[in-house]
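Undergrad: Take a look at work.txt, compact mmCIF, C-alpha atoms and all ligand atoms:
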# COMPACT_ATOMS: atom_id res chain seq x y z
CA MET A 1 0.00 0.00 0.00
CA SER A 2 1.31 3.48 -0.86
CA SER A 3 2.28 5.49 2.18
CA PRO A 4 -0.22 8.43 1.72
CA LEU A 5 -3.02 5.84 1.56
CA LYS A 6 -1.64 4.03 4.60
CA HIS A 7 -1.46 7.35 6.45
CA ALA A 8 -5.05 8.25 5.51
CA ARG A 9 -6.25 4.81 6.70
CA SER A 10 -4.54 5.08 10.06
CA ALA A 11 -5.82 8.67 10.53
CA TRP A 12 -9.34 7.45 9.77
CA ARG A 13 -9.03 4.35 12.01
CA LYS A 14 -8.47 6.67 14.97
CA TYR A 15 -12.09 7.79 14.70
CA LEU A 16 -13.45 4.26 15.23
CA ILE A 17 -13.06 5.02 18.94
CA LEU A 18 -15.70 7.78 18.81
CA PRO A 19 -18.78 5.67 19.78
CA LYS A 20 -16.82 4.22 22.71
CA LEU A 21 -15.85 7.72 23.86
CA ILE A 22 -19.46 8.89 23.66
CA ARG A 23 -20.63 5.83 25.62
CA LEU A 24 -18.00 6.27 28.35
CA SER A 25 -18.52 9.99 28.76
CA ARG A 26 -22.30 9.60 29.12
CA SER A 27 -21.85 8.56 32.76
CA ALA A 28 -20.11 11.83 33.77
CA PRO A 29 -22.39 14.01 35.96
CA LYS A 30 -23.58 17.14 34.16
CA ASP A 31 -23.06 19.29 37.26
CA ARG A 32 -19.33 20.16 37.22
CA THR A 33 -18.87 20.49 40.99
CA GLU A 34 -20.53 17.14 41.58
CA ALA A 35 -18.39 15.60 38.82
CA TRP A 36 -15.15 16.86 40.40
CA ASN A 37 -16.18 15.82 43.88
CA ARG A 38 -17.14 12.29 42.79
CA TYR A 39 -13.94 12.00 40.77
CA TRP A 40 -11.75 12.87 43.76
CA ALA A 41 -13.82 10.67 46.11
CA GLY A 42 -12.93 7.67 43.93
CA ILE A 43 -9.17 8.29 43.71
CA GLY A 44 -7.18 5.63 45.58
CA SER A 45 -3.60 6.59 44.77
CA THR A 46 -1.57 9.59 43.63
CA GLY A 47 2.14 10.27 43.08
CA THR A 48 4.36 7.64 41.53
CA SER A 49 1.50 5.11 41.09
CA SER A 50 -1.17 7.69 40.42
CA GLU A 51 -4.68 7.09 39.15
CA VAL A 52 -4.91 10.80 38.32
CA LEU A 53 -4.49 11.72 34.63
CA TRP A 54 -2.62 15.04 35.13
CA ASP A 55 -0.38 13.75 37.94
CA SER A 56 3.15 13.05 36.68
CA GLY A 57 4.30 12.03 40.17
CA SER A 58 7.26 14.41 39.88
CA ASP A 59 7.97 18.12 40.39
CA ASN A 60 9.82 18.32 37.07
CA GLU A 61 7.17 20.54 35.42
CA LEU A 62 7.19 23.00 38.33
CA ARG A 63 11.00 23.15 38.25
CA GLY A 64 10.66 24.35 34.65
CA TYR A 65 8.52 27.28 35.88
CA ARG A 66 10.86 28.31 38.71
CA ASP A 67 12.74 31.03 36.75
CA VAL A 68 9.48 32.64 35.56
CA LEU A 69 8.05 32.57 39.10
CA ALA A 70 11.26 34.06 40.51
CA ARG A 71 11.11 36.87 37.92
CA HIS A 72 7.55 37.91 38.74
CA PHE A 73 6.36 36.70 42.16
CA ASP A 74 7.08 38.99 45.11
CA PRO A 75 8.73 36.41 47.41
CA ASP A 76 7.18 37.97 50.53
CA LEU A 77 3.60 37.32 49.43
CA PRO A 78 1.58 34.16 50.08
CA VAL A 79 0.73 31.96 47.08
CA VAL A 80 -2.80 30.74 46.39
CA ASP A 81 -2.86 27.52 44.34
CA VAL A 82 -6.25 27.75 42.62
CA GLY A 83 -7.84 24.39 41.74
CA CYS A 84 -5.15 22.60 43.72
CA GLY A 85 -6.53 19.05 43.37
CA HIS A 86 -4.60 16.68 45.64
CA GLY A 87 -2.11 19.44 46.43
CA ALA A 88 1.03 18.14 44.67
CA PHE A 89 1.87 21.57 43.25
CA SER A 90 0.85 23.31 46.53
CA ARG A 91 3.39 21.18 48.43
CA ALA A 92 6.12 21.85 45.89
CA LEU A 93 5.35 25.61 46.01
CA ALA A 94 5.46 25.55 49.84
CA ALA A 95 9.15 24.58 49.64
CA PHE A 96 10.04 28.07 48.38
CA SER A 97 7.10 30.31 49.41
CA PRO A 98 6.36 31.87 52.80
CA GLN A 99 2.78 30.54 52.87
CA VAL A 100 0.65 28.53 50.43
CA ILE A 101 -3.13 28.20 50.43
CA GLY A 102 -4.56 25.49 48.15
CA VAL A 103 -8.17 26.02 47.05
CA ASP A 104 -10.41 23.55 45.26
CA VAL A 105 -14.13 23.26 44.52
CA ALA A 106 -14.13 19.56 45.48
CA ASP A 107 -14.32 18.76 49.22
CA HIS A 108 -12.77 15.36 48.50
CA ALA A 109 -9.78 16.96 46.74
CA VAL A 110 -9.22 19.25 49.73
CA ALA A 111 -9.49 16.35 52.20
CA ARG A 112 -6.96 14.36 50.19
CA ALA A 113 -4.62 17.36 49.81
CA ARG A 114 -4.74 17.92 53.59
CA SER A 115 -3.96 14.32 54.46
CA GLU A 116 -1.10 14.14 51.91
CA SER A 117 0.38 17.38 53.31
CA ALA A 118 0.42 16.55 57.02
CA GLY A 119 3.46 18.16 58.65
CA VAL A 120 3.92 20.93 56.07
CA ASP A 121 3.45 23.93 58.37
CA ASN A 122 3.18 26.77 55.84
CA LEU A 123 0.42 25.07 53.82
CA SER A 124 -3.36 25.03 54.28
CA PHE A 125 -6.35 24.09 52.12
CA VAL A 126 -9.82 25.55 51.62
CA ALA A 127 -12.83 24.20 49.72
CA CYS A 128 -14.25 26.98 47.55
CA ASP A 129 -15.78 27.43 44.11
CA MET A 130 -13.48 30.03 42.59
CA THR A 131 -16.08 31.04 40.00
CA ARG A 132 -18.48 32.24 42.74
CA PRO A 133 -18.69 36.07 42.93
CA GLY A 134 -16.37 37.36 45.67
CA ALA A 135 -14.68 33.98 46.23
CA GLY A 136 -11.22 35.56 46.25
CA ALA A 137 -11.94 37.93 49.13
CA GLY A 138 -9.95 37.21 52.27
CA LEU A 139 -8.56 33.88 51.05
CA ALA A 140 -5.02 34.99 51.80
CA GLY A 141 -6.00 37.28 54.69
CA PRO A 142 -5.72 41.07 54.34
CA THR A 143 -2.64 40.97 52.06
CA ASP A 144 -2.26 40.74 48.27
CA ALA A 145 -1.27 37.28 47.07
CA ASN A 146 0.41 35.59 44.14
CA VAL A 147 -1.76 33.08 42.30
CA PHE A 148 -0.60 29.79 40.78
CA ILE A 149 -3.17 28.05 38.60
CA ARG A 150 -2.47 24.93 36.55
CA GLY A 151 -4.89 22.92 34.47
CA VAL A 152 -8.07 24.64 35.67
CA LEU A 153 -9.12 27.26 33.10
CA HIS A 154 -9.24 24.70 30.28
CA VAL A 155 -11.87 22.69 32.18
CA LEU A 156 -14.23 25.67 32.62
CA ASP A 157 -16.60 27.27 30.12
CA THR A 158 -15.93 30.87 29.04
CA ALA A 159 -18.40 32.45 31.51
CA ASP A 160 -16.82 30.58 34.44
CA GLN A 161 -13.31 31.46 33.21
CA ALA A 162 -14.27 35.15 33.22
CA ALA A 163 -15.83 34.90 36.72
CA LEU A 164 -12.73 33.12 38.05
CA MET A 165 -10.41 35.70 36.48
CA GLU A 166 -12.27 38.51 38.26
CA ASN A 167 -11.78 36.70 41.59
CA LEU A 168 -8.09 36.31 40.83
CA ARG A 169 -7.84 40.05 40.23
CA GLN A 170 -9.24 40.67 43.73
CA LEU A 171 -6.71 38.22 45.17
CA VAL A 172 -3.59 39.64 43.53
CA GLY A 173 -4.38 43.33 44.22
CA GLY A 174 -1.55 45.65 43.22
CA ARG A 175 1.45 43.56 44.31
CA GLY A 176 0.57 39.97 43.44
CA ARG A 177 0.84 38.26 40.05
CA VAL A 178 -1.02 35.38 38.41
CA PHE A 179 0.98 32.53 36.91
CA LEU A 180 -1.17 30.19 34.81
CA ALA A 181 -0.23 27.01 32.95
CA GLU A 182 -2.85 25.23 30.86
CA THR A 183 -3.08 22.51 28.23
CA ASN A 184 -3.39 24.00 24.76
CA PHE A 185 -3.76 20.91 22.57
CA ARG A 186 -4.99 22.10 19.19
CA GLY A 187 -7.03 19.14 18.06
CA ASN A 188 -10.46 17.59 18.50
CA PRO A 189 -11.33 15.26 21.41
CA VAL A 190 -10.47 12.12 19.39
CA GLU A 191 -7.05 13.52 18.52
CA TYR A 192 -6.56 14.54 22.16
CA VAL A 193 -7.29 11.10 23.62
CA SER A 194 -5.28 9.43 20.81
CA HIS A 195 -2.30 11.64 21.73
CA LEU A 196 -2.62 10.28 25.27
CA GLY A 197 -2.59 6.68 24.02
CA ALA A 198 -6.27 5.78 23.62
CA SER A 199 -7.16 3.35 20.83
CA LEU A 200 -10.09 1.08 20.05
CA ARG A 201 -8.08 -1.73 21.66
CA ARG A 202 -7.11 0.03 24.90
CA ILE A 203 -7.51 3.23 26.87
CA PRO A 204 -4.92 3.92 29.62
CA ALA A 205 -6.68 3.60 33.01
CA PRO A 206 -6.17 7.22 34.27
CA LEU A 207 -7.51 8.54 30.96
CA GLU A 208 -10.52 6.22 30.99
CA LEU A 209 -11.35 7.31 34.55
CA ALA A 210 -11.28 10.98 33.54
CA ILE A 211 -13.45 10.32 30.45
CA ARG A 212 -16.00 8.40 32.54
CA LYS A 213 -16.24 10.91 35.37
CA LEU A 214 -15.40 14.42 34.12
CA PRO A 215 -16.64 16.85 31.48
CA MET A 216 -14.49 16.76 28.32
CA PRO A 217 -11.82 19.49 28.69
CA GLY A 218 -11.17 22.26 26.16
CA HIS A 219 -7.89 24.02 25.50
CA PHE A 220 -6.56 27.33 26.77
CA GLY A 221 -4.06 29.45 24.87
CA PRO A 222 -3.48 33.13 23.98
CA ASP A 223 -6.87 33.53 22.22
CA GLU A 224 -8.83 32.03 25.11
CA LEU A 225 -6.90 34.18 27.59
CA ALA A 226 -7.53 37.36 25.59
CA ALA A 227 -11.27 36.62 25.64
CA VAL A 228 -11.41 36.64 29.47
CA MET A 229 -8.68 39.19 30.20
CA PRO A 230 -10.08 42.70 29.64
CA THR A 231 -7.10 44.98 29.11
CA GLU A 232 -8.45 47.61 31.51
CA ARG A 233 -8.33 44.91 34.23
CA TRP A 234 -5.21 42.94 33.33
CA THR A 235 -1.78 43.42 31.81
CA LEU A 236 -0.04 40.46 30.21
CA VAL A 237 3.50 40.51 31.60
CA GLU A 238 4.98 37.40 29.95
CA ASP A 239 3.69 34.33 28.14
CA GLY A 240 4.91 31.42 26.06
CA ALA A 241 4.76 27.72 25.33
CA ALA A 242 4.73 25.20 28.16
CA THR A 243 4.67 21.43 28.38
CA ILE A 244 2.06 19.93 30.69
CA GLU A 245 3.35 16.66 32.13
CA THR A 246 0.69 14.05 32.80
CA ASN A 247 0.71 10.52 34.18
CA PRO A 248 3.64 8.50 32.74
CA LEU A 249 1.27 5.54 32.18
CA MET A 250 0.20 7.45 29.08
CA ASP A 251 3.60 6.80 27.51
CA ALA A 252 2.92 3.07 26.96
CA ASP A 253 0.84 3.81 23.82
CA GLY A 254 0.87 7.59 23.57
CA ASP A 255 2.61 10.69 24.83
CA SER A 256 2.16 11.90 28.42
CA ARG A 257 3.44 15.37 27.54
CA ILE A 258 0.74 17.77 26.29
CA PRO A 259 1.49 21.05 24.48
CA GLY A 260 0.57 23.88 26.83
CA TYR A 261 0.59 27.61 27.41
CA PHE A 262 1.81 29.71 30.33
CA ALA A 263 1.19 33.36 31.13
CA VAL A 264 1.97 35.84 33.88
CA LEU A 265 -0.57 38.58 34.55
CA LYS A 266 -0.67 41.74 36.58
CA GLY A 267 -4.02 43.10 37.80
CA GLU A 268 -5.12 46.65 37.06
CA THR A 269 -7.63 48.80 38.92
CA PRO A 270 -10.23 50.04 36.42
CA ALA A 271 -10.43 53.86 36.40
CA GLN A 272 -14.08 53.90 37.53
CA GLU A 273 -13.34 51.73 40.59
CA ALA A 274 -10.34 53.91 41.45
CA LEU A 275 -12.57 57.02 41.35
CA SER A 276 -15.30 55.55 43.59
CA ALA A 277 -12.74 54.05 46.04
C1 LIG A 301 -7.15 19.15 36.00
S1 LIG A 301 -7.27 19.37 37.72
C2 LIG A 301 -5.74 20.18 38.13
C3 LIG A 301 -5.36 20.03 39.59
C4 LIG A 301 -4.05 20.71 40.00
N1 LIG A 301 -4.05 22.12 39.67
C5 LIG A 301 -2.88 20.02 39.34
O1 LIG A 301 -2.38 20.56 38.35
O2 LIG A 301 -2.49 18.94 39.81
C6 LIG A 301 -8.44 20.68 37.87
C7 LIG A 301 -8.80 20.99 39.33
O3 LIG A 301 -9.61 22.17 39.37
C8 LIG A 301 -10.62 21.99 40.32
N2 LIG A 301 -11.73 22.89 39.97
C9 LIG A 301 -12.59 22.78 38.93
N3 LIG A 301 -13.46 23.80 38.94
C10 LIG A 301 -13.13 24.59 39.99
C11 LIG A 301 -13.69 25.78 40.55
N4 LIG A 301 -14.76 26.34 39.99
N5 LIG A 301 -13.12 26.31 41.66
C12 LIG A 301 -12.04 25.71 42.24
N6 LIG A 301 -11.49 24.57 41.77
C13 LIG A 301 -12.02 24.01 40.67
C14 LIG A 301 -10.99 20.51 40.22
O4 LIG A 301 -11.66 20.01 41.35
C15 LIG A 301 -9.61 19.89 40.01
O5 LIG A 301 -9.01 19.54 41.22
What would the structure in this file look like if it were written as structure tokens?
TA:
Amino acid sequence: MSSPLKHARSAWRKYLILPKLIRLSRSAPKDRTEAWNRYWAGIGSTGTSSEVLWDSGSDNELRGYRDVLARHFDPDLPVVDVGCGHGAFSRALAAFSPQVIGVDVADHAVARARSESAGVDNLSFVACDMTRPGAGAGLAGPTDANVFIRGVLHVLDTADQAALMENLRQLVGGRGRVFLAETNFRGNPVEYVSHLGASLRRIPAPLELAIRKLPMPGHFGPDELAAVMPTERWTLVEDGAATIETNPLMDADGDSRIPGYFAVLKGETPAQEALSA
């Protein structure tokens, strides 16, 4: 068989998985908070033998962000890890930050993060929906805070992204900065799960669990950021390509590394608010 034909056949074969994907994803709760809470309630292991799709079990990805964080985060400010999940990044951040507060919408994620972080004194966790109006207020006490957010915006719809961004602006005030890192895979859901090793024959277990229990994620890059970052409220300080490291089990048939996007933002006080303050 000629190679263009072979290529077309294998590209087409990928789509045979579609009915299976639709069947699996039907069981995911429609309510996002409930979906996240049930997902975390069912997780038995994290770290090096993780059941969690986006858990590489290593701090390698965070080490790649260290220079950017050092350039922009005021080291005296607390860090709020928004959508902290089981707290792996919160714990790694606590090693070089004065205080870290992990926040997640799922009570079960927060409970797990707390139990995995026992003995880390400068780290605490709070259950909170960060899309709720005013959710940022007081989270880090009276002071401005830096915000770290990884893998959260791409799982929200645009309205929730915008609501969350407004809460982040309240949190960072004038001195804090937001660092975000998100998956920015530019393909359709079949191409996304194929990249992570799913085929008609087999779907890696952490990926299958996420498909069964969670809403299908989107992607988040410069265009998506621009749509929820009004320039009178935010200044983009730095951005670029990132690599999101997921569970190494994905490497058996696919690639655990997902193309991503990072950005650093500074909050602005809109002129009208400044006048009425
Ligand atoms: C893909 S996971 C990433 C977890 C963690 N940031 C990490 O990288 O390991 C997304 C996390 O965001 C949380 N989340 C989703 N919606 C949220 C919301 N509205 N407010 C706070 N957390 C939320 C989920 O419960 C989940 O733990």
Undergrad: Please measure the separation of atom C15 of ligand LIG 301 (chain A) and atom CA of A:Thr131, giving the value in Å to one decimal.
TA: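 We find that atom C15 of ligand LIG 301 (chain A) and atom CA of A:Thr131 lie 12.9 Å from each other.
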Undergrad: Which residues are close to A:Arg112, i.e. within 10 Å by only C-alpha atoms, leaving aside same-chain residues fewer than 2 positions away? Reply as a list in words.
TA: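 Near neighbours after the sequence-gap exclusion: Trp40, Ala41, Ile43, Gly44, Thr46, Gly85, His86, Gly87, Asp107, His108, Ala109, Val110, Arg114, Ser115, Glu116, Ser117 and Phe125 of chain A.
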Undergrad: Excluding A:Pro222 and its own-chain neighbours fewer than 4 positions away, which residues fall within 10 Å of it when counting all atoms listed in the file? Please give them as a list in words.
TA: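 Residues near the query, excluding close chain neighbours: Asn184, Ala226, Ala227, Asp239, Gly240, Ala241, Tyr261, Phe262 and Ala263 of chain A.
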Undergrad: Draw an axis-aligned box tight on the listed atoms of ligand LIG 301 (chain A), then pad every side by 8 Å and write out centre and edge lengths in Å to one decimal as lines of an AutoDock Vina configuration file.
TA:
center_x = -8.6
center_y = 22.6
center_z = 39.1
size_x = 28.4
size_y = 23.4
size_z = 22.2
Undergrad: Around (0.0, 24.9, 56.8), as given in the file, which residues come within 12 Å? Count all atoms listed in the file and list them as a list in words.
TA: Pro78, Gly87, Ser90, Arg91, Ala94, Ala95, Ser97, Pro98, Gln99, Val100, Ile101, Gly102, Ala113, Arg114, Ser115, Glu116, Ser117, Ala118, Gly119, Val120, Asp121, Asn122, Leu123, Ser124, Phe125 and Val126 of chain A
Undergrad: Rounded to one decimal in Å, what is the spacing between atom CA of A:Pro206 and atom CA of A:Arg13?
TA: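 So the two atoms, atom CA of A:Pro206 and atom CA of A:Arg13, lie 22.6 Å apart.
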Undergrad: For atom CA of A:Ile203 and atom CA of A:Pro217, quote the distance in Å rounded to one decimal.
TA: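 Atom CA of A:Ile203 sits 16.9 Å away from atom CA of A:Pro217.
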Undergrad: Here is a test: counting all atoms listed in the file, which residue of A:Leu62, A:Ala252, A:Val264, A:Ala135 is nearest to A:Met229?
TA: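 Of all the options, A:Val264 lies closest to A:Met229.
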Undergrad: I'd like the neighbourhood of A:Arg23 as a list in words, where a residue qualifies if any of its atoms comes within 10 Å (using only C-alpha atoms), though same-chain residues fewer than 4 positions away should be ignored.
TA: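 After dropping sequence-adjacent residues, the list is Leu18, Pro19, Ser27, Ile211 and Arg212 of chain A.
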Undergrad: Nearest to ligand LIG 301 (chain A): which of A:Gly151, A:Pro133, A:Pro204, A:Pro142 is it, counting only C-alpha atoms and all ligand atoms?
TA: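 Checking each of A:Gly151, A:Pro133, A:Pro204, A:Pro142 against ligand LIG 301 (chain A), counting only C-alpha atoms and all ligand atoms, the winner is A:Gly151.
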Undergrad: Taking a cut-off of 9 Å and counting all atoms listed in the file, can you build a table that, for each residue of chain A near ligand LIG 301 (chain A), reports the nearest atom pair and how far apart they are in Å (one decimal), sorted by chain then residue number, as JSON lines?
TA:
{"residue": "A:Arg32", "atom": "CA", "partner": "A:LIG301", "partner_atom": "N3", "distance": 7.1}
{"residue": "A:Thr33", "atom": "CA", "partner": "A:LIG301", "partner_atom": "N3", "distance": 6.7}
{"residue": "A:Ala35", "atom": "CA", "partner": "A:LIG301", "partner_atom": "O4", "distance": 8.4}
{"residue": "A:Trp36", "atom": "CA", "partner": "A:LIG301", "partner_atom": "O4", "distance": 4.8}
{"residue": "A:Asn37", "atom": "CA", "partner": "A:LIG301", "partner_atom": "O4", "distance": 6.7}
{"residue": "A:Tyr39", "atom": "CA", "partner": "A:LIG301", "partner_atom": "O4", "distance": 8.3}
{"residue": "A:Trp40", "atom": "CA", "partner": "A:LIG301", "partner_atom": "O4", "distance": 7.5}
{"residue": "A:Val52", "atom": "CA", "partner": "A:LIG301", "partner_atom": "O2", "distance": 8.6}
{"residue": "A:Leu53", "atom": "CA", "partner": "A:LIG301", "partner_atom": "C1", "distance": 8.0}
{"residue": "A:Trp54", "atom": "CA", "partner": "A:LIG301", "partner_atom": "O2", "distance": 6.1}
{"residue": "A:Asp55", "atom": "CA", "partner": "A:LIG301", "partner_atom": "O2", "distance": 5.9}
{"residue": "A:Ser56", "atom": "CA", "partner": "A:LIG301", "partner_atom": "O2", "distance": 8.7}
{"residue": "A:Asp81", "atom": "CA", "partner": "A:LIG301", "partner_atom": "N1", "distance": 7.2}
{"residue": "A:Val82", "atom": "CA", "partner": "A:LIG301", "partner_atom": "C12", "distance": 6.2}
{"residue": "A:Gly83", "atom": "CA", "partner": "A:LIG301", "partner_atom": "N6", "distance": 3.7}
{"residue": "A:Cys84", "atom": "CA", "partner": "A:LIG301", "partner_atom": "N1", "distance": 4.2}
{"residue": "A:Gly85", "atom": "CA", "partner": "A:LIG301", "partner_atom": "O5", "distance": 3.3}
{"residue": "A:His86", "atom": "CA", "partner": "A:LIG301", "partner_atom": "O2", "distance": 6.6}
{"residue": "A:Gly87", "atom": "CA", "partner": "A:LIG301", "partner_atom": "O2", "distance": 6.6}
{"residue": "A:Ala88", "atom": "CA", "partner": "A:LIG301", "partner_atom": "O2", "distance": 6.1}
{"residue": "A:Phe89", "atom": "CA", "partner": "A:LIG301", "partner_atom": "O2", "distance": 6.1}
{"residue": "A:Ser90", "atom": "CA", "partner": "A:LIG301", "partner_atom": "N1", "distance": 8.5}
{"residue": "A:Val103", "atom": "CA", "partner": "A:LIG301", "partner_atom": "C12", "distance": 6.2}
{"residue": "A:Asp104", "atom": "CA", "partner": "A:LIG301", "partner_atom": "N6", "distance": 3.8}
{"residue": "A:Val105", "atom": "CA", "partner": "A:LIG301", "partner_atom": "C12", "distance": 3.9}
{"residue": "A:Ala106", "atom": "CA", "partner": "A:LIG301", "partner_atom": "O4", "distance": 4.8}
{"residue": "A:Asp107", "atom": "CA", "partner": "A:LIG301", "partner_atom": "O4", "distance": 8.4}
{"residue": "A:His108", "atom": "CA", "partner": "A:LIG301", "partner_atom": "O4", "distance": 8.6}
{"residue": "A:Ala109", "atom": "CA", "partner": "A:LIG301", "partner_atom": "O5", "distance": 6.1}
{"residue": "A:Val110", "atom": "CA", "partner": "A:LIG301", "partner_atom": "O5", "distance": 8.5}
{"residue": "A:Ala127", "atom": "CA", "partner": "A:LIG301", "partner_atom": "C12", "distance": 7.7}
{"residue": "A:Cys128", "atom": "CA", "partner": "A:LIG301", "partner_atom": "C12", "distance": 5.9}
{"residue": "A:Asp129", "atom": "CA", "partner": "A:LIG301", "partner_atom": "N5", "distance": 3.8}
{"residue": "A:Met130", "atom": "CA", "partner": "A:LIG301", "partner_atom": "N5", "distance": 3.9}
{"residue": "A:Thr131", "atom": "CA", "partner": "A:LIG301", "partner_atom": "N4", "distance": 4.9}
{"residue": "A:Arg132", "atom": "CA", "partner": "A:LIG301", "partner_atom": "N4", "distance": 7.5}
{"residue": "A:Phe148", "atom": "CA", "partner": "A:LIG301", "partner_atom": "N1", "distance": 8.5}
{"residue": "A:Ile149", "atom": "CA", "partner": "A:LIG301", "partner_atom": "N1", "distance": 6.1}
{"residue": "A:Arg150", "atom": "CA", "partner": "A:LIG301", "partner_atom": "N1", "distance": 4.5}
{"residue": "A:Gly151", "atom": "CA", "partner": "A:LIG301", "partner_atom": "C2", "distance": 4.7}
{"residue": "A:Val152", "atom": "CA", "partner": "A:LIG301", "partner_atom": "C6", "distance": 4.5}
{"residue": "A:Leu153", "atom": "CA", "partner": "A:LIG301", "partner_atom": "N3", "distance": 8.1}
{"residue": "A:His154", "atom": "CA", "partner": "A:LIG301", "partner_atom": "C1", "distance": 8.2}
{"residue": "A:Val155", "atom": "CA", "partner": "A:LIG301", "partner_atom": "C9", "distance": 6.8}
{"residue": "A:Leu156", "atom": "CA", "partner": "A:LIG301", "partner_atom": "N3", "distance": 6.6}
{"residue": "A:Asp160", "atom": "CA", "partner": "A:LIG301", "partner_atom": "N4", "distance": 7.3}
{"residue": "A:Gln161", "atom": "CA", "partner": "A:LIG301", "partner_atom": "N4", "distance": 8.6}
{"residue": "A:Leu164", "atom": "CA", "partner": "A:LIG301", "partner_atom": "N4", "distance": 7.3}
{"residue": "A:Ala181", "atom": "CA", "partner": "A:LIG301", "partner_atom": "O1", "distance": 8.7}
{"residue": "A:Glu182", "atom": "CA", "partner": "A:LIG301", "partner_atom": "O1", "distance": 8.8}
{"residue": "A:Pro217", "atom": "CA", "partner": "A:LIG301", "partner_atom": "C1", "distance": 8.7}
{"residue": "A:Ile244", "atom": "CA", "partner": "A:LIG301", "partner_atom": "O1", "distance": 8.9}
Undergrad: Convert the current residue selection to file output with C-alpha atoms, as a compact mmCIF listing (two decimals), in the coordinates of the input.
TA:
# COMPACT_ATOMS: atom_id res chain seq x y z
CA ARG A 32 -19.33 20.16 37.22
CA THR A 33 -18.87 20.49 40.99
CA ALA A 35 -18.39 15.60 38.82
CA TRP A 36 -15.15 16.86 40.40
CA ASN A 37 -16.18 15.82 43.88
CA TYR A 39 -13.94 12.00 40.77
CA TRP A 40 -11.75 12.87 43.76
CA VAL A 52 -4.91 10.80 38.32
CA LEU A 53 -4.49 11.72 34.63
CA TRP A 54 -2.62 15.04 35.13
CA ASP A 55 -0.38 13.75 37.94
CA SER A 56 3.15 13.05 36.68
CA ASP A 81 -2.86 27.52 44.34
CA VAL A 82 -6.25 27.75 42.62
CA GLY A 83 -7.84 24.39 41.74
CA CYS A 84 -5.15 22.60 43.72
CA GLY A 85 -6.53 19.05 43.37
CA HIS A 86 -4.60 16.68 45.64
CA GLY A 87 -2.11 19.44 46.43
CA ALA A 88 1.03 18.14 44.67
CA PHE A 89 1.87 21.57 43.25
CA SER A 90 0.85 23.31 46.53
CA VAL A 103 -8.17 26.02 47.05
CA ASP A 104 -10.41 23.55 45.26
CA VAL A 105 -14.13 23.26 44.52
CA ALA A 106 -14.13 19.56 45.48
CA ASP A 107 -14.32 18.76 49.22
CA HIS A 108 -12.77 15.36 48.50
CA ALA A 109 -9.78 16.96 46.74
CA VAL A 110 -9.22 19.25 49.73
CA ALA A 127 -12.83 24.20 49.72
CA CYS A 128 -14.25 26.98 47.55
CA ASP A 129 -15.78 27.43 44.11
CA MET A 130 -13.48 30.03 42.59
CA THR A 131 -16.08 31.04 40.00
CA ARG A 132 -18.48 32.24 42.74
CA PHE A 148 -0.60 29.79 40.78
CA ILE A 149 -3.17 28.05 38.60
CA ARG A 150 -2.47 24.93 36.55
CA GLY A 151 -4.89 22.92 34.47
CA VAL A 152 -8.07 24.64 35.67
CA LEU A 153 -9.12 27.26 33.10
CA HIS A 154 -9.24 24.70 30.28
CA VAL A 155 -11.87 22.69 32.18
CA LEU A 156 -14.23 25.67 32.62
CA ASP A 160 -16.82 30.58 34.44
CA GLN A 161 -13.31 31.46 33.21
CA LEU A 164 -12.73 33.12 38.05
CA ALA A 181 -0.23 27.01 32.95
CA GLU A 182 -2.85 25.23 30.86
CA PRO A 217 -11.82 19.49 28.69
CA ILE A 244 2.06 19.93 30.69
Undergrad: Let me make sure I understand: among A:Thr183, A:Ser3, A:Ser45, A:Thr158, which one has the smallest atom-to-atom distance to A:Gly221 if we use all atoms listed in the file?
TA: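 The closest residue to A:Gly221 is A:Thr183.
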Undergrad: Using all atoms listed in the file, pick whichever of A:Ala111, A:Met165, A:Met216, A:Ala140 has the shortest atom-to-atom distance to A:Trp234.
TA: A:Met165
Undergrad: Which residue is closest to A:Phe179? Choose from A:Ser256, A:Asn167, A:Asn146, A:Asn60 and count all atoms listed in the file.
TA: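 Smallest separation from A:Phe179 among the options: A:Asn146.
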Undergrad: Pick out the closest residue to A:Asp251 from this set: A:Ser58, A:Thr235, A:Ser25, A:Ser194. Count all atoms listed in the file.
TA: A:Ser194
Undergrad: If we count all atoms listed in the file and set the cut-off at 6 Å, which residues sit around A:Gly47, ignoring sequence neighbours fewer than 2 positions away in its own chain? Please answer as a list of chain:residue names.
TA: A:Ser49, A:Ser50, A:Gly57
Undergrad: Within 9 Å of A:Asp74, counting all atoms listed in the file, which residues show up once you throw out same-chain ones fewer than 6 positions away? Write them as a ChimeraX atom specification, please.
TA: /A:145-146,175-177
